[in-house]
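Have a look at the structure below before the remarks.
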Amino acid sequence: MRIVVAHNRYREAQPSGENTIVDSEIAQLTAAGVEVLPFIRSSDEIPSMSKAAKALLPISPIWAPRAQQDLSRLLTEHRPDVLHLHNPYPLISPWVVRTAHKHGVPVVQTVHNYRQVCSSGIYFRDGVICQDCKGRALGIPAIKHRCYRDSAAQSALMATTLAVHRGTWRSVDRYIALTTAIADHLREYGIPDDRIVVKPNAVPDPGRPAPLGDGFLYMARLSPEKGVDLLLDAWRRHPVGTLGTLRIAGDGELRPLVEAAVAERQDVVYLGQLDRAGVQAAVEASAVVIAASMWHDVLPTVIIEALSSGRPVLGTALGGIPYLVGADAPHEPAGTGPAAVASAVAGHYPPPAGPPAVPAGLVSGTAGWVVPPDPAVLAAALPVARAGAAALSAPARLRYEQTFHPDVVIKRHLDIYAGVTRSR
């Protein structure tokens, strides 16, 4: 099988889980015997572009003529079975879907965000969830609020791009929804169920989990949508030391809040930005991983990393987090589909019984718990998670093995390619 993987890489100065996932998928596909033809552009190329190329940048999200010419040559020369698209902005453009179809090549797209509808891609503005552009022919609110790169002009261009390519997106042959929440988003956008398949990302198997550590780990970008301020508010509602240690890893604009908490409390530790070995060490030192997102977070990789190490997760009930910890209903593990068909729960375990009172709003899953993004509820859930961590350690690892292990995910990946080539 021969696959073109198309992706516009985000700037290297801006850490991108999507770049990491694309690189990982290419490696997994190659290891599985697939011939992968990368069609990669990078936003880091923009500063070194010629004046003529830069002059075309304003139209590139809509059309990107150079990319279409290059892709046409690639498709003509290699005649691939499928084009698999990830991020098209700004140098590739959704127009590659039309270019592939012109050459008779079916298109699969992995949906990493909400940019079919939302110019910023995250349904989050001014500290709150925002879906003002849903259902509009043109995203005027995005332009008004400068949602794309804090620029009215660039927001107008992105809103126009989304309007122009509404038909393009609806012509994609198969969508990979990373979670059931993304599948719901695509249905609302008008994509038929038979063109949506739920397939999460995988992370490498770290091996047999180390014994549980103590305390909690938060590992994410330190920005408003990731909820570190929500977590710190909840943490401060407990006396120092009663919940073990809160380890915080990452960097971003809210780093001063974290540093202030470290200065204020002996049970908060700031780890900074971690490399791969540091991430694993931080996970192993903890008992529970926290995902406190304030937006509809699509698929926080840290959750899968936690499950792979047998660490249950306490998260907010937003986006893909309930799916990841097995707290969504109905459940749909990898290897099932189409998205309209709900699967039976794989390996369900009852929530652990423990002395802390279970707060209203807390939902137990197979591998963790979810709560509303409210500091009082999160504060009440922290002792529940600490008391229940040992009971959910083995189920967390099992959920990883059955749903997010590379061997499981790559099989589903290849099945998607086979299905789309048969249907053409």
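Within each chain, counting starts at residue 1; across the structure tokens, chains are named A, B, ... in the order shown, with ligands numbered 1 upward in that order.
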
Near stretch 103-109 of chain A, counting only C-alpha atoms, which residues have an atom at most 10 Å away, once you skip same-chain residues fewer than 5 positions from it, shown as a count of residues only? 35

Could you pull out the residues in stretch 45-82 of chain A that DSSP calls helix (DSSP H, G or I) from the backbone, as a PyMOL selection string? chain A and resi 45-48+51-55+57-59+65-78

From the list A:Gly250, A:Gly33, A:Gly368, A:Pro47, which residue is nearest A:Arg399 when using only C-alpha atoms?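 Closest residue, counting only C-alpha atoms: A:Gly368.
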
For A:Trp369, work out the shell of residues within 8 Å, counting only C-alpha atoms and skipping chain neighbours fewer than 3 positions away, then give it as a PyMOL selection string. chain A and resi 313-315+322+325+327+362-365+385

Grab the atom CA of A:Asp194 to atom CA of A:Gly167 distance for me, in Å with one decimal place. 17.3 Å

Which residue of A:Leu56, A:Val298, A:Gly127, A:Ser119 approaches A:Gly139 most closely, using only C-alpha atoms: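 Among the listed residues, A:Ser119 lies closest to A:Gly139.
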
Give me the stretch 35-75 of chain A side of the contact with stretch 149-161 of chain A, cut-off 9 Å, one line per residue showing its nearest atom pair and distance in Å at one decimal, counting only C-alpha atoms, sorted by chain and residue number, as CSV.
residue,atom,partner,partner_atom,distance
A:Pro58,CA,A:Leu157,CA,7.4
A:Ile59,CA,A:Leu157,CA,8.0
A:Pro61,CA,A:Thr161,CA,6.4
A:Ile62,CA,A:Thr161,CA,5.2
A:Trp63,CA,A:Thr161,CA,8.9

Can you spit out the residues from that selection as a CSV table (one decimal), in the first residue's frame, using N, CA and C atoms?
chain,number,residue,atom,x,y,z
A,58,PRO,N,-1.3,35.4,1.4
A,58,PRO,CA,-2.7,35.7,1.8
A,58,PRO,C,-3.7,34.7,1.2
A,59,ILE,N,-3.4,34.1,0.0
A,59,ILE,CA,-4.4,33.2,-0.6
A,59,ILE,C,-4.1,31.8,-0.3
A,61,PRO,N,-4.1,29.7,2.3
A,61,PRO,CA,-5.1,28.9,3.0
A,61,PRO,C,-6.2,28.4,2.1
A,62,ILE,N,-6.6,29.3,1.1
A,62,ILE,CA,-7.7,29.0,0.2
A,62,ILE,C,-7.2,28.0,-0.9
A,63,TRP,N,-6.1,28.3,-1.5
A,63,TRP,CA,-5.7,27.6,-2.7
A,63,TRP,C,-4.3,27.0,-2.6

Restricting the calculation to only C-alpha atoms, which member of A:His185, A:His78, A:Arg236, A:Arg41 is positioned closest to A:Ser93?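 When distances to A:Ser93 are compared using only C-alpha atoms, the smallest one comes from A:Arg41.
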
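When the distance limit is 9 Å and only C-alpha atoms are what count, the residues near A:Ala379, minus those fewer than 2 positions from it on the same chain, are Leu231, Asp233, Ala234, Trp235, Arg236, Arg237, His238, Asp374, Pro375, Ala376, Val377, Ala381, Leu382 and Pro383 of chain A.
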